[in-house]
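Enquirer: File name final.pdb; file contents PDB, C-alpha atoms; full text below.
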```pdb
ATOM      1  CA  MET C   1     155.931 317.437 -73.954
ATOM      2  CA  GLY C   2     157.790 318.344 -70.769
ATOM      3  CA  ARG C   3     160.431 316.243 -69.130
ATOM      4  CA  VAL C   4     161.737 316.250 -65.548
ATOM      5  CA  VAL C   5     164.976 314.635 -64.473
ATOM      6  CA  VAL C   6     165.414 313.098 -61.029
ATOM      7  CA  ASP C   7     168.864 312.005 -59.857
ATOM      8  CA  VAL C   8     169.169 309.692 -56.867
ATOM      9  CA  MET C   9     172.474 308.777 -55.197
ATOM     10  CA  PRO C  10     173.352 306.428 -52.344
ATOM     11  CA  LYS C  11     173.915 308.393 -49.142
ATOM     12  CA  PRO C  12     177.607 309.261 -48.622
ATOM     13  CA  GLU C  13     177.840 307.122 -45.483
ATOM     14  CA  ILE C  14     176.328 304.066 -47.194
ATOM     15  CA  LEU C  15     178.726 301.627 -48.779
ATOM     16  CA  ASP C  16     178.007 301.454 -52.516
ATOM     17  CA  PRO C  17     178.879 297.919 -53.665
ATOM     18  CA  GLN C  18     177.964 298.658 -57.289
ATOM     19  CA  GLY C  19     180.203 301.712 -57.409
ATOM     20  CA  LYS C  20     183.000 299.688 -55.840
ATOM     21  CA  ALA C  21     182.629 297.016 -58.513
ATOM     22  CA  VAL C  22     182.881 299.653 -61.244
ATOM     23  CA  ALA C  23     185.841 301.293 -59.495
ATOM     24  CA  SER C  24     187.748 298.034 -59.454
ATOM     25  CA  ALA C  25     187.005 297.343 -63.141
ATOM     26  CA  LEU C  26     188.242 300.713 -64.401
ATOM     27  CA  PRO C  27     191.998 300.198 -63.864
ATOM     28  CA  ARG C  28     191.792 296.767 -65.478
ATOM     29  CA  LEU C  29     190.753 298.605 -68.659
ATOM     30  CA  GLY C  30     193.504 301.167 -68.327
ATOM     31  CA  PHE C  31     191.325 303.933 -66.854
ATOM     32  CA  THR C  32     193.578 304.846 -63.987
ATOM     33  CA  GLY C  33     193.657 307.791 -61.624
ATOM     34  CA  PHE C  34     190.090 307.531 -60.317
ATOM     35  CA  THR C  35     189.964 307.372 -56.552
ATOM     36  CA  GLY C  36     186.334 306.359 -56.290
ATOM     37  CA  VAL C  37     183.099 305.637 -58.118
ATOM     38  CA  ARG C  38     179.594 305.964 -56.761
ATOM     39  CA  GLN C  39     176.680 304.735 -58.805
ATOM     40  CA  GLY C  40     173.280 306.375 -58.682
ATOM     41  CA  ARG C  41     170.053 306.402 -60.662
ATOM     42  CA  ARG C  42     168.533 308.832 -63.106
ATOM     43  CA  PHE C  43     164.808 308.999 -63.819
ATOM     44  CA  GLU C  44     163.171 310.940 -66.629
ATOM     45  CA  LEU C  45     159.479 311.673 -66.124
ATOM     46  CA  THR C  46     157.501 313.035 -69.049
ATOM     47  CA  VAL C  47     154.253 314.997 -68.974
ATOM     48  CA  ASP C  48     151.847 316.312 -71.587
ATOM     49  CA  GLY C  49     152.293 320.054 -71.699
ATOM     50  CA  PRO C  50     154.751 322.270 -69.878
ATOM     51  CA  VAL C  51     156.597 321.519 -66.662
ATOM     52  CA  THR C  52     154.764 323.739 -64.196
ATOM     53  CA  ASP C  53     155.596 324.355 -60.540
ATOM     54  CA  GLU C  54     152.801 321.954 -59.734
ATOM     55  CA  VAL C  55     154.397 319.249 -61.870
ATOM     56  CA  LEU C  56     157.753 319.822 -60.180
ATOM     57  CA  ALA C  57     156.170 319.634 -56.721
ATOM     58  CA  ASN C  58     154.495 316.403 -57.733
ATOM     59  CA  VAL C  59     157.784 314.952 -58.974
ATOM     60  CA  ARG C  60     159.563 315.982 -55.775
ATOM     61  CA  GLU C  61     156.980 314.103 -53.749
ATOM     62  CA  ALA C  62     157.237 311.033 -55.979
ATOM     63  CA  ALA C  63     161.027 311.231 -55.676
ATOM     64  CA  VAL C  64     161.008 310.836 -51.900
ATOM     65  CA  THR C  65     158.038 308.436 -51.815
ATOM     66  CA  LEU C  66     158.901 305.895 -54.478
ATOM     67  CA  LEU C  67     161.952 306.814 -56.570
ATOM     68  CA  SER C  68     164.286 306.913 -53.557
ATOM     69  CA  ASN C  69     164.450 305.311 -50.141
ATOM     70  CA  PRO C  70     165.479 308.096 -47.733
ATOM     71  CA  VAL C  71     167.076 305.524 -45.414
ATOM     72  CA  ILE C  72     169.817 304.783 -47.940
ATOM     73  CA  GLU C  73     169.509 307.328 -50.748
ATOM     74  CA  ASP C  74     169.394 311.097 -51.366
ATOM     75  CA  VAL C  75     167.486 312.847 -54.134
ATOM     76  CA  VAL C  76     170.273 315.090 -55.411
ATOM     77  CA  ARG C  77     168.436 316.756 -58.303
ATOM     78  CA  VAL C  78     164.906 317.403 -59.508
ATOM     79  CA  ALA C  79     164.996 319.622 -62.596
ATOM     80  CA  GLU C  80     163.174 320.329 -65.816
ATOM     81  CA  MET C  81     165.046 319.016 -68.805
ATOM     82  CA  PRO C  82     165.286 321.665 -71.537
ATOM     83  CA  GLU C  83     163.624 320.830 -74.848
ATOM     84  CA  GLU C  84     166.898 321.184 -76.806
ATOM     85  CA  ALA C  85     168.702 318.743 -74.559
ATOM     86  CA  ASP C  86     165.823 316.346 -75.132
ATOM     87  CA  GLU C  87     166.230 316.547 -78.901
ATOM     88  CA  GLY C  88     170.007 316.339 -78.590
ATOM     89  CA  ALA C  89     169.701 313.185 -76.550
ATOM     90  CA  ASP C  90     167.484 311.615 -79.151
ATOM     91  CA  ALA C  91     169.722 312.536 -82.075
TER      92      ALA C  91
ATOM     93  CA  MET K   1     156.949 266.719 -35.134
ATOM     94  CA  SER K   2     157.656 266.846 -31.443
ATOM     95  CA  HIS K   3     157.394 270.639 -31.322
ATOM     96  CA  VAL K   4     153.658 270.611 -31.783
ATOM     97  CA  ALA K   5     152.941 267.472 -29.765
ATOM     98  CA  ALA K   6     151.600 269.222 -26.665
ATOM     99  CA  PRO K   7     147.822 268.747 -26.601
ATOM    100  CA  PRO K   8     145.946 272.034 -26.826
ATOM    101  CA  PRO K   9     143.929 273.094 -23.797
ATOM    102  CA  PRO K  10     140.195 272.438 -24.201
ATOM    103  CA  SER K  11     139.382 276.102 -24.722
ATOM    104  CA  ALA K  12     141.807 276.483 -27.634
ATOM    105  CA  ARG K  13     140.683 276.531 -31.230
ATOM    106  CA  PRO K  14     141.610 273.605 -33.465
ATOM    107  CA  ALA K  15     144.979 274.326 -35.090
ATOM    108  CA  ALA K  16     143.641 274.058 -38.619
ATOM    109  CA  ASP K  17     141.255 276.926 -37.860
ATOM    110  CA  ALA K  18     144.235 279.255 -37.811
ATOM    111  CA  ARG K  19     144.534 280.790 -41.264
ATOM    112  CA  ILE K  20     147.950 282.068 -42.261
ATOM    113  CA  GLY K  21     148.051 284.022 -45.508
ATOM    114  CA  VAL K  22     150.985 283.786 -47.920
ATOM    115  CA  VAL K  23     151.250 286.661 -50.384
ATOM    116  CA  THR K  24     152.243 286.102 -54.000
ATOM    117  CA  PHE K  25     153.644 289.075 -55.913
ATOM    118  CA  PRO K  26     154.811 288.881 -59.525
ATOM    119  CA  GLY K  27     158.299 287.433 -59.096
ATOM    120  CA  THR K  28     157.723 285.790 -55.718
ATOM    121  CA  LEU K  29     159.587 282.458 -55.580
ATOM    122  CA  ASP K  30     159.042 280.899 -52.180
ATOM    123  CA  ASP K  31     155.295 281.214 -51.698
ATOM    124  CA  ARG K  32     154.685 277.492 -52.158
ATOM    125  CA  ASP K  33     157.399 276.555 -49.678
ATOM    126  CA  ALA K  34     155.982 279.063 -47.208
ATOM    127  CA  ALA K  35     152.473 277.636 -47.639
ATOM    128  CA  ARG K  36     153.899 274.150 -47.140
ATOM    129  CA  ALA K  37     155.620 275.289 -43.946
ATOM    130  CA  VAL K  38     152.333 276.695 -42.663
ATOM    131  CA  ARG K  39     150.608 273.386 -43.409
ATOM    132  CA  LEU K  40     153.367 271.310 -41.759
ATOM    133  CA  ALA K  41     153.046 273.506 -38.672
ATOM    134  CA  GLY K  42     149.384 272.546 -38.501
ATOM    135  CA  ALA K  43     147.714 275.744 -39.690
ATOM    136  CA  THR K  44     145.778 276.382 -42.886
ATOM    137  CA  PRO K  45     147.681 278.301 -45.577
ATOM    138  CA  VAL K  46     145.672 280.871 -47.540
ATOM    139  CA  SER K  47     146.972 282.227 -50.840
ATOM    140  CA  LEU K  48     146.852 286.014 -51.040
ATOM    141  CA  TRP K  49     147.315 287.867 -54.318
ATOM    142  CA  HIS K  50     149.249 291.122 -54.625
ATOM    143  CA  ALA K  51     146.479 292.860 -56.581
ATOM    144  CA  ASP K  52     143.719 291.887 -54.142
ATOM    145  CA  GLU K  53     143.415 294.081 -51.083
ATOM    146  CA  ASP K  54     141.185 291.506 -49.369
ATOM    147  CA  LEU K  55     143.104 289.514 -46.736
ATOM    148  CA  HIS K  56     140.410 286.786 -46.786
ATOM    149  CA  ALA K  57     140.028 286.704 -43.000
ATOM    150  CA  VAL K  58     143.544 285.425 -42.308
ATOM    151  CA  ASP K  59     144.950 285.536 -38.776
ATOM    152  CA  ALA K  60     148.574 286.132 -39.836
ATOM    153  CA  VAL K  61     150.516 286.903 -43.002
ATOM    154  CA  VAL K  62     153.803 285.666 -44.461
ATOM    155  CA  LEU K  63     155.570 287.760 -47.105
ATOM    156  CA  PRO K  64     157.785 285.172 -48.800
ATOM    157  CA  GLY K  65     161.078 285.496 -50.624
ATOM    158  CA  GLY K  66     161.819 286.016 -54.282
ATOM    159  CA  PHE K  67     162.278 288.963 -56.577
ATOM    160  CA  SER K  68     158.918 290.703 -56.506
ATOM    161  CA  TYR K  69     158.466 293.031 -59.478
ATOM    162  CA  GLY K  70     161.921 291.924 -60.576
ATOM    163  CA  ASP K  71     163.469 293.926 -57.718
ATOM    164  CA  TYR K  72     163.133 296.859 -60.134
ATOM    165  CA  LEU K  73     163.893 300.228 -58.554
ATOM    166  CA  ARG K  74     164.890 298.686 -55.197
ATOM    167  CA  ALA K  75     164.110 295.316 -53.646
ATOM    168  CA  GLY K  76     160.579 295.558 -52.243
ATOM    169  CA  ALA K  77     160.041 299.154 -53.366
ATOM    170  CA  ILE K  78     157.206 298.516 -55.809
ATOM    171  CA  SER K  79     155.599 295.649 -53.865
ATOM    172  CA  ARG K  80     155.211 297.967 -50.922
ATOM    173  CA  PHE K  81     152.539 299.857 -52.872
ATOM    174  CA  ALA K  82     150.656 296.756 -54.070
ATOM    175  CA  PRO K  83     146.961 296.749 -53.047
ATOM    176  CA  VAL K  84     147.456 293.799 -50.691
ATOM    177  CA  MET K  85     150.181 295.674 -48.827
ATOM    178  CA  GLN K  86     147.888 298.513 -47.834
ATOM    179  CA  SER K  87     145.772 295.897 -46.035
ATOM    180  CA  VAL K  88     148.814 294.129 -44.590
ATOM    181  CA  VAL K  89     150.174 297.414 -43.223
ATOM    182  CA  ASP K  90     146.834 298.230 -41.580
ATOM    183  CA  ALA K  91     146.521 294.731 -40.128
ATOM    184  CA  ALA K  92     150.122 294.770 -38.876
ATOM    185  CA  ARG K  93     149.550 298.102 -37.147
ATOM    186  CA  GLY K  94     146.511 296.465 -35.539
ATOM    187  CA  GLY K  95     148.659 293.659 -34.138
ATOM    188  CA  MET K  96     148.337 290.883 -36.724
ATOM    189  CA  PRO K  97     151.453 288.678 -36.837
ATOM    190  CA  VAL K  98     153.417 289.344 -40.032
ATOM    191  CA  LEU K  99     156.609 287.546 -41.061
ATOM    192  CA  GLY K 100     158.759 288.880 -43.903
ATOM    193  CA  ILE K 101     161.337 286.485 -45.274
ATOM    194  CA  CYS K 102     164.184 287.810 -47.470
ATOM    195  CA  ASN K 103     162.322 289.802 -50.143
ATOM    196  CA  GLY K 104     159.464 289.949 -47.631
ATOM    197  CA  PHE K 105     161.821 291.597 -45.119
ATOM    198  CA  GLN K 106     162.827 294.098 -47.805
ATOM    199  CA  ILE K 107     159.143 294.837 -48.442
ATOM    200  CA  LEU K 108     158.474 295.366 -44.710
ATOM    201  CA  ALA K 109     161.381 297.807 -44.557
ATOM    202  CA  GLU K 110     160.182 299.687 -47.631
ATOM    203  CA  ALA K 111     156.687 299.792 -46.088
ATOM    204  CA  HIS K 112     158.193 301.304 -42.893
ATOM    205  CA  LEU K 113     156.776 298.500 -40.767
ATOM    206  CA  LEU K 114     160.401 297.785 -39.849
ATOM    207  CA  PRO K 115     163.280 300.295 -39.755
ATOM    208  CA  GLY K 116     166.382 300.263 -41.936
ATOM    209  CA  ALA K 117     166.900 298.988 -45.466
ATOM    210  CA  MET K 118     168.734 296.272 -47.359
ATOM    211  CA  ILE K 119     171.478 297.051 -49.861
ATOM    212  CA  LYS K 120     173.673 294.766 -51.977
ATOM    213  CA  ASN K 121     175.884 292.293 -50.143
ATOM    214  CA  ASP K 122     179.264 293.856 -49.294
ATOM    215  CA  HIS K 123     181.096 291.152 -51.266
ATOM    216  CA  ARG K 124     178.842 291.967 -54.263
ATOM    217  CA  THR K 125     177.940 288.356 -55.023
ATOM    218  CA  PHE K 126     174.855 286.257 -54.526
ATOM    219  CA  VAL K 127     175.223 284.016 -51.491
ATOM    220  CA  CYS K 128     173.503 280.681 -50.843
ATOM    221  CA  ARG K 129     174.420 278.699 -47.758
ATOM    222  CA  GLU K 130     173.241 277.042 -44.596
ATOM    223  CA  GLN K 131     173.468 279.874 -42.089
ATOM    224  CA  THR K 132     173.746 279.670 -38.326
ATOM    225  CA  LEU K 133     171.795 282.310 -36.400
ATOM    226  CA  ARG K 134     171.510 283.178 -32.746
ATOM    227  CA  VAL K 135     167.967 283.792 -31.519
ATOM    228  CA  GLU K 136     168.132 286.982 -29.462
ATOM    229  CA  ASN K 137     164.458 287.744 -28.881
ATOM    230  CA  ILE K 138     161.898 285.050 -28.053
ATOM    231  CA  ASP K 139     159.089 287.445 -27.215
ATOM    232  CA  THR K 140     157.804 287.850 -30.768
ATOM    233  CA  ALA K 141     154.823 286.119 -32.349
ATOM    234  CA  TRP K 142     157.220 284.173 -34.567
ATOM    235  CA  THR K 143     159.959 283.144 -32.100
ATOM    236  CA  HIS K 144     158.447 282.309 -28.722
ATOM    237  CA  GLU K 145     159.055 278.570 -29.170
ATOM    238  CA  PHE K 146     162.817 279.124 -29.322
ATOM    239  CA  THR K 147     165.044 279.632 -26.303
ATOM    240  CA  ARG K 148     166.993 282.833 -25.872
ATOM    241  CA  GLY K 149     170.532 282.468 -27.182
ATOM    242  CA  GLU K 150     169.695 279.269 -29.046
ATOM    243  CA  GLN K 151     171.633 278.717 -32.263
ATOM    244  CA  ILE K 152     169.633 277.569 -35.258
ATOM    245  CA  THR K 153     170.565 276.763 -38.848
ATOM    246  CA  ILE K 154     168.396 277.666 -41.831
ATOM    247  CA  PRO K 155     169.183 278.428 -45.491
ATOM    248  CA  LEU K 156     170.206 281.902 -46.599
ATOM    249  CA  LYS K 157     170.162 283.028 -50.240
ATOM    250  CA  ASN K 158     170.286 286.617 -51.337
ATOM    251  CA  GLN K 159     171.996 289.347 -53.286
ATOM    252  CA  ASP K 160     170.628 292.379 -51.435
ATOM    253  CA  GLY K 161     170.941 291.177 -47.859
ATOM    254  CA  GLN K 162     173.063 293.824 -46.210
ATOM    255  CA  PHE K 163     170.923 295.357 -43.469
ATOM    256  CA  VAL K 164     171.750 299.025 -42.937
ATOM    257  CA  ALA K 165     170.350 301.737 -40.683
ATOM    258  CA  ASP K 166     171.807 304.831 -39.067
ATOM    259  CA  GLU K 167     173.605 304.468 -35.748
ATOM    260  CA  SER K 168     170.775 305.908 -33.657
ATOM    261  CA  THR K 169     168.282 303.461 -35.205
ATOM    262  CA  LEU K 170     170.684 300.572 -34.556
ATOM    263  CA  ASP K 171     171.166 301.709 -30.945
ATOM    264  CA  GLU K 172     167.406 301.938 -30.525
ATOM    265  CA  LEU K 173     166.916 298.411 -31.935
ATOM    266  CA  GLU K 174     169.577 297.048 -29.591
ATOM    267  CA  GLY K 175     168.306 298.999 -26.582
ATOM    268  CA  GLU K 176     164.746 297.791 -27.044
ATOM    269  CA  GLY K 177     165.795 294.192 -27.680
ATOM    270  CA  ARG K 178     164.384 294.304 -31.184
ATOM    271  CA  VAL K 179     167.280 292.454 -32.824
ATOM    272  CA  VAL K 180     165.655 289.025 -33.182
ATOM    273  CA  PHE K 181     168.388 287.109 -35.038
ATOM    274  CA  ARG K 182     172.118 287.646 -35.456
ATOM    275  CA  TYR K 183     174.497 285.875 -37.825
ATOM    276  CA  VAL K 184     176.904 283.516 -36.083
ATOM    277  CA  GLY K 185     180.293 282.395 -37.440
ATOM    278  CA  TRP K 186     180.247 284.523 -40.568
ATOM    279  CA  ASN K 187     178.374 287.642 -41.532
ATOM    280  CA  PRO K 188     177.255 286.694 -45.059
ATOM    281  CA  ASN K 189     176.435 290.164 -46.387
ATOM    282  CA  GLY K 190     178.087 292.893 -44.297
ATOM    283  CA  SER K 191     174.901 293.495 -42.322
ATOM    284  CA  ARG K 192     175.303 296.118 -39.564
ATOM    285  CA  ARG K 193     176.071 294.559 -36.181
ATOM    286  CA  ASP K 194     175.581 291.073 -37.694
ATOM    287  CA  ILE K 195     171.814 291.646 -37.727
ATOM    288  CA  ALA K 196     169.870 288.937 -39.586
ATOM    289  CA  GLY K 197     166.375 289.837 -38.418
ATOM    290  CA  ILE K 198     164.475 292.448 -36.416
ATOM    291  CA  THR K 199     161.013 293.092 -35.017
ATOM    292  CA  ASN K 200     158.765 296.096 -34.514
ATOM    293  CA  ALA K 201     158.115 297.556 -31.072
ATOM    294  CA  ALA K 202     154.987 295.435 -30.588
ATOM    295  CA  GLY K 203     156.734 292.174 -31.554
ATOM    296  CA  ASN K 204     154.082 291.095 -34.067
ATOM    297  CA  VAL K 205     156.074 292.028 -37.188
ATOM    298  CA  VAL K 206     159.335 290.147 -37.807
ATOM    299  CA  GLY K 207     161.609 290.357 -40.827
ATOM    300  CA  LEU K 208     164.732 288.334 -41.553
ATOM    301  CA  MET K 209     166.921 287.589 -44.549
ATOM    302  CA  PRO K 210     167.404 283.802 -44.054
ATOM    303  CA  HIS K 211     164.664 281.352 -45.026
ATOM    304  CA  PRO K 212     162.913 279.358 -42.271
ATOM    305  CA  GLU K 213     160.409 277.923 -44.774
ATOM    306  CA  HIS K 214     163.212 275.878 -46.370
ATOM    307  CA  ALA K 215     163.979 274.076 -43.101
ATOM    308  CA  VAL K 216     160.697 272.520 -42.029
ATOM    309  CA  GLU K 217     160.818 268.899 -43.116
ATOM    310  CA  PRO K 218     163.423 266.149 -42.550
ATOM    311  CA  GLY K 219     165.051 265.193 -45.835
ATOM    312  CA  PHE K 220     164.747 268.627 -47.401
ATOM    313  CA  GLY K 221     166.371 271.017 -44.938
ATOM    314  CA  PRO K 222     169.922 271.949 -44.007
ATOM    315  CA  ASP K 223     172.267 269.493 -42.326
ATOM    316  CA  GLY K 224     171.269 268.966 -38.701
ATOM    317  CA  PRO K 225     172.530 267.145 -35.618
ATOM    318  CA  ASN K 226     170.800 263.963 -36.767
ATOM    319  CA  GLY K 227     172.432 263.866 -40.179
ATOM    320  CA  PRO K 228     172.420 265.443 -43.608
ATOM    321  CA  ARG K 229     169.319 267.494 -44.476
ATOM    322  CA  THR K 230     167.587 266.730 -41.175
ATOM    323  CA  GLY K 231     167.448 270.346 -39.976
ATOM    324  CA  THR K 232     163.948 271.587 -39.230
ATOM    325  CA  ASP K 233     164.737 274.699 -37.172
ATOM    326  CA  GLY K 234     162.543 276.767 -39.462
ATOM    327  CA  LEU K 235     159.367 274.959 -38.438
ATOM    328  CA  ARG K 236     159.239 276.665 -35.060
ATOM    329  CA  PHE K 237     158.709 280.073 -36.687
ATOM    330  CA  PHE K 238     155.387 278.781 -37.937
ATOM    331  CA  THR K 239     154.406 276.738 -34.874
ATOM    332  CA  SER K 240     155.202 279.815 -32.758
ATOM    333  CA  ALA K 241     152.755 281.866 -34.796
ATOM    334  CA  LEU K 242     150.181 279.099 -34.669
ATOM    335  CA  THR K 243     150.251 278.767 -30.871
ATOM    336  CA  ALA K 244     150.232 282.559 -30.550
ATOM    337  CA  LEU K 245     147.077 282.645 -32.668
ATOM    338  CA  LEU K 246     145.350 279.778 -30.878
ATOM    339  CA  HIS K 247     145.840 281.284 -27.449
ATOM    340  CA  THR K 248     144.780 284.832 -28.124
TER     341      THR K 248
END
```
Take the structure from the file and write it as structure tokens.
Expert:
Amino acid sequence: MGRVVVDVMPKPEILDPQGKAVASALPRLGFTGFTGVRQGRRFELTVDGPVTDEVLANVREAAVTLLSNPVIEDVVRVAEMPEEADEGADA
Amino acid sequence: MSHVAAPPPPSARPAADARIGVVTFPGTLDDRDAARAVRLAGATPVSLWHADEDLHAVDAVVLPGGFSYGDYLRAGAISRFAPVMQSVVDAARGGMPVLGICNGFQILAEAHLLPGAMIKNDHRTFVCREQTLRVENIDTAWTHEFTRGEQITIPLKNQDGQFVADESTLDELEGEGRVVFRYVGWNPNGSRRDIAGITNAAGNVVGLMPHPEHAVEPGFGPDGPNGPRTGTDGLRFFTSALTALLHT
């Protein structure tokens, strides 16, 4: 089973209210020294069989069609997730 | 209902012949209020289902508010690909009047029928209030019964109401007079240039965050000049569409 990771972030020029909310909560918990937080989204898409170039191309298209809205968000990563990392994450 | 009192010219169709569809997605909340508004305006409301691509011969479509598909992914992002939306997009491109209210506006933006997008309110909280708007464009299918510059009050309730677009898109909207409504008194969500609603170049597609369908009947609307809950400014969205349909 192959797995592809897609990371989506709000565009730098777009205010990120969720990130701001997290940023203001951190110091209240004693996590100081952070000058900003931006919150994005991570998708993991699984396929039967290996992650081929065709699969990656398909994911890239899905990423800009549905997974992100190019008006407000950037797709910052589309990458195959190594098998070991998969198992590690499940452990 | 003084707004619709003018007798129709003999050649016009009977008002009830005008069929205005109201789409229900999973998670839509305001479809019944929207259908009621259509009926109070004098037209016939037609329920449309998200999974049915058939528009059932409607003359116009309202995409009502709510949290379609739970607002999962992004508000309106999944609804945009619902079977009914493929038909709505085609019909809108062909000139059919389409009104998107709140979540409906978000869906129209995701469907690229209107530019820009909505993100979370800048103050990060849900807002529910009676909101004053200035009507900036009365040349659309949904606003021609207003007067330019008129201030109206209708309810506003949203979490993801902050309209954003890049500067060139905003300049284009302003330059072409496509800002239809602007917030007056207080910008309730950080929306760029106080924009509450916009239209497409043809003027048949309008989207706005506030809710006209909640201000159509005395006793149930916002406070108005004649007393508490007497505001019916929202009704003219629907009577505008109705007269536009009857005279085309």
Enquirer: Set the distance at 7 Å and use only C-alpha atoms: which residues neighbour Asp74 of chain C once local chain neighbours fewer than 2 positions away are removed? I'd like the list as JSON, numbers by chain.
Expert: {"C": [8, 9, 10, 11, 68, 70, 76]}
Enquirer: Take the residues just selected and output them with C-alpha atoms as a PDB file, in the frame of the given file.
Expert:
```
ATOM      1  CA  VAL C   8     169.169 309.692 -56.867  1.00  0.00           C
ATOM      2  CA  MET C   9     172.474 308.777 -55.197  1.00  0.00           C
ATOM      3  CA  PRO C  10     173.352 306.428 -52.344  1.00  0.00           C
ATOM      4  CA  LYS C  11     173.915 308.393 -49.142  1.00  0.00           C
ATOM      5  CA  SER C  68     164.286 306.913 -53.557  1.00  0.00           C
ATOM      6  CA  PRO C  70     165.479 308.096 -47.733  1.00  0.00           C
ATOM      7  CA  VAL C  76     170.273 315.090 -55.411  1.00  0.00           C
TER       8      VAL C  76
END
```
Enquirer: Might you spell out which residues the PyMOL selection byres ((chain K and resi 88-103) around 8) would select in the displayed file, as a VMD selection string?
Expert: chain K and resid 55 59 to 68 75 to 76 84 to 87 104 to 108 111 113 141 to 142 158 161 202 204 to 212 241
Enquirer: If you measure from atom CA of Leu45 of chain C to atom CA of Leu15 of chain C, what distance in Å do you get, rounded to one decimal?
Expert: 27.8 Å
Enquirer: Considering all atoms listed in the file, extract the chain C residues located within 7 Å of chain K and return them as a list of chain:residue names.
Expert: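 Close enough to count are C:Pro17, C:Leu66, C:Val71, C:Ile72.
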Enquirer: Convert the current residue selection to file output with C-alpha atoms, as a tab-separated table (two decimals), keeping the file's coordinate frame.
Expert:
```tsv
chain	number	residue	atom	x	y	z
C	17	PRO	CA	178.88	297.92	-53.66
C	66	LEU	CA	158.90	305.90	-54.48
C	71	VAL	CA	167.08	305.52	-45.41
C	72	ILE	CA	169.82	304.78	-47.94
```
Enquirer: To one decimal place, how far is atom CA of Val22 of chain K from atom CA of Trp49 of chain K in Å?
Expert: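 For atom CA of Val22 of chain K relative to atom CA of Trp49 of chain K, the distance reads 8.4 Å.
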Enquirer: How many Å lie between atom CA of Pro26 of chain K and atom CA of Asp54 of chain K, rounded to one decimal?
Expert: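 A separation of 17.2 Å between them.
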Enquirer: What lies within 8 Å of Val78 of chain C using all atoms listed in the file, ignoring chain neighbours under 4 positions off, as a JSON list (two decimals) with C-alpha atoms, keeping the file's coordinate frame?
Expert:
```
[["chain", "number", "residue", "atom", "x", "y", "z"],
["C", 4, "VAL", "CA", 161.74, 316.25, -65.55],
["C", 5, "VAL", "CA", 164.98, 314.64, -64.47],
["C", 6, "VAL", "CA", 165.41, 313.10, -61.03],
["C", 7, "ASP", "CA", 168.86, 312.00, -59.86],
["C", 56, "LEU", "CA", 157.75, 319.82, -60.18],
["C", 59, "VAL", "CA", 157.78, 314.95, -58.97],
["C", 60, "ARG", "CA", 159.56, 315.98, -55.78]]
```
Enquirer: When distances are computed from only C-alpha atoms, which of K:Asp139, K:Glu130, K:Asp52, K:Glu145 shows the smallest separation from Leu242 of chain K?
Expert: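 Comparing K:Asp139, K:Glu130, K:Asp52, K:Glu145 against Leu242 of chain K, the winner is K:Glu145.
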Enquirer: Would you list the contacts of Glu167 of chain K as an MDAnalysis selection string, taking every protein, DNA or RNA residue within 12 Å and counting all atoms listed in the file, but skipping same-chain residues closer than 6 positions in sequence?
Expert: (chainID C and resid 13:14 71) or (chainID K and resid 115:116 173:175 192:193)
Enquirer: Output the selection as a PDB file, keeping the file's coordinate frame - C-alpha atoms for each residue.
Expert:
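The result, written out as out-v5.pdb:
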```pdb
ATOM      1  CA  GLU C  13     177.840 307.122 -45.483  1.00  0.00           C
ATOM      2  CA  ILE C  14     176.328 304.066 -47.194  1.00  0.00           C
ATOM      3  CA  VAL C  71     167.076 305.524 -45.414  1.00  0.00           C
TER       4      VAL C  71
ATOM      5  CA  PRO K 115     163.280 300.295 -39.755  1.00  0.00           C
ATOM      6  CA  GLY K 116     166.382 300.263 -41.936  1.00  0.00           C
ATOM      7  CA  LEU K 173     166.916 298.411 -31.935  1.00  0.00           C
ATOM      8  CA  GLU K 174     169.577 297.048 -29.591  1.00  0.00           C
ATOM      9  CA  GLY K 175     168.306 298.999 -26.582  1.00  0.00           C
ATOM     10  CA  ARG K 192     175.303 296.118 -39.564  1.00  0.00           C
ATOM     11  CA  ARG K 193     176.071 294.559 -36.181  1.00  0.00           C
TER      12      ARG K 193
END
```
Enquirer: The PyMOL selection byres ((chain C and resi 36) around 12) on the file shown: which residues, as a list in words?
Expert: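 Selected by the PyMOL selection byres ((chain C and resi 36) around 12) in this file: Pro12, Leu15, Asp16, Pro17, Gln18, Gly19, Lys20, Ala21, Val22, Ala23, Ser24, Ala25, Leu26, Pro27, Phe31, Thr32, Gly33, Phe34, Thr35, Val37, Arg38 and Gln39 of chain C.
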Enquirer: Can you turn the PyMOL selection byres ((chain K and resi 33-37) around 10) into a concrete residue list for this file, as a PyMOL selection string?
Expert: chain K and resi 20-23+29-32+38-47+62-65+101+211-217+234-239
Enquirer: Find the residues around Arg134 of chain K up to 6 Å (all atoms listed in the file counted), leave out those fewer than 3 positions away in its own chain, and share them as a compact mmCIF listing (two decimals) with C-alpha atoms, in the coordinates of the input.
Expert:
```txt
# COMPACT_ATOMS: atom_id res chain seq x y z
CA GLY K 149 170.53 282.47 -27.18
CA GLU K 150 169.70 279.27 -29.05
CA GLN K 151 171.63 278.72 -32.26
CA PHE K 181 168.39 287.11 -35.04
CA ARG K 182 172.12 287.65 -35.46
```
Enquirer: Please determine, counting only C-alpha atoms, which residue among K:His112, K:Gly221, K:Asp171, K:Arg148 has the shortest atom-to-atom distance to Thr65 of chain C.
Expert: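 Going through K:His112, K:Gly221, K:Asp171, K:Arg148 one by one, the smallest distance to Thr65 of chain C is for K:His112.
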Enquirer: For Asp53 of chain C, which of C:Gly40, C:Ala79, C:Leu29, C:Glu73 is the closest residue, counting all atoms listed in the file?
Expert: C:Ala79
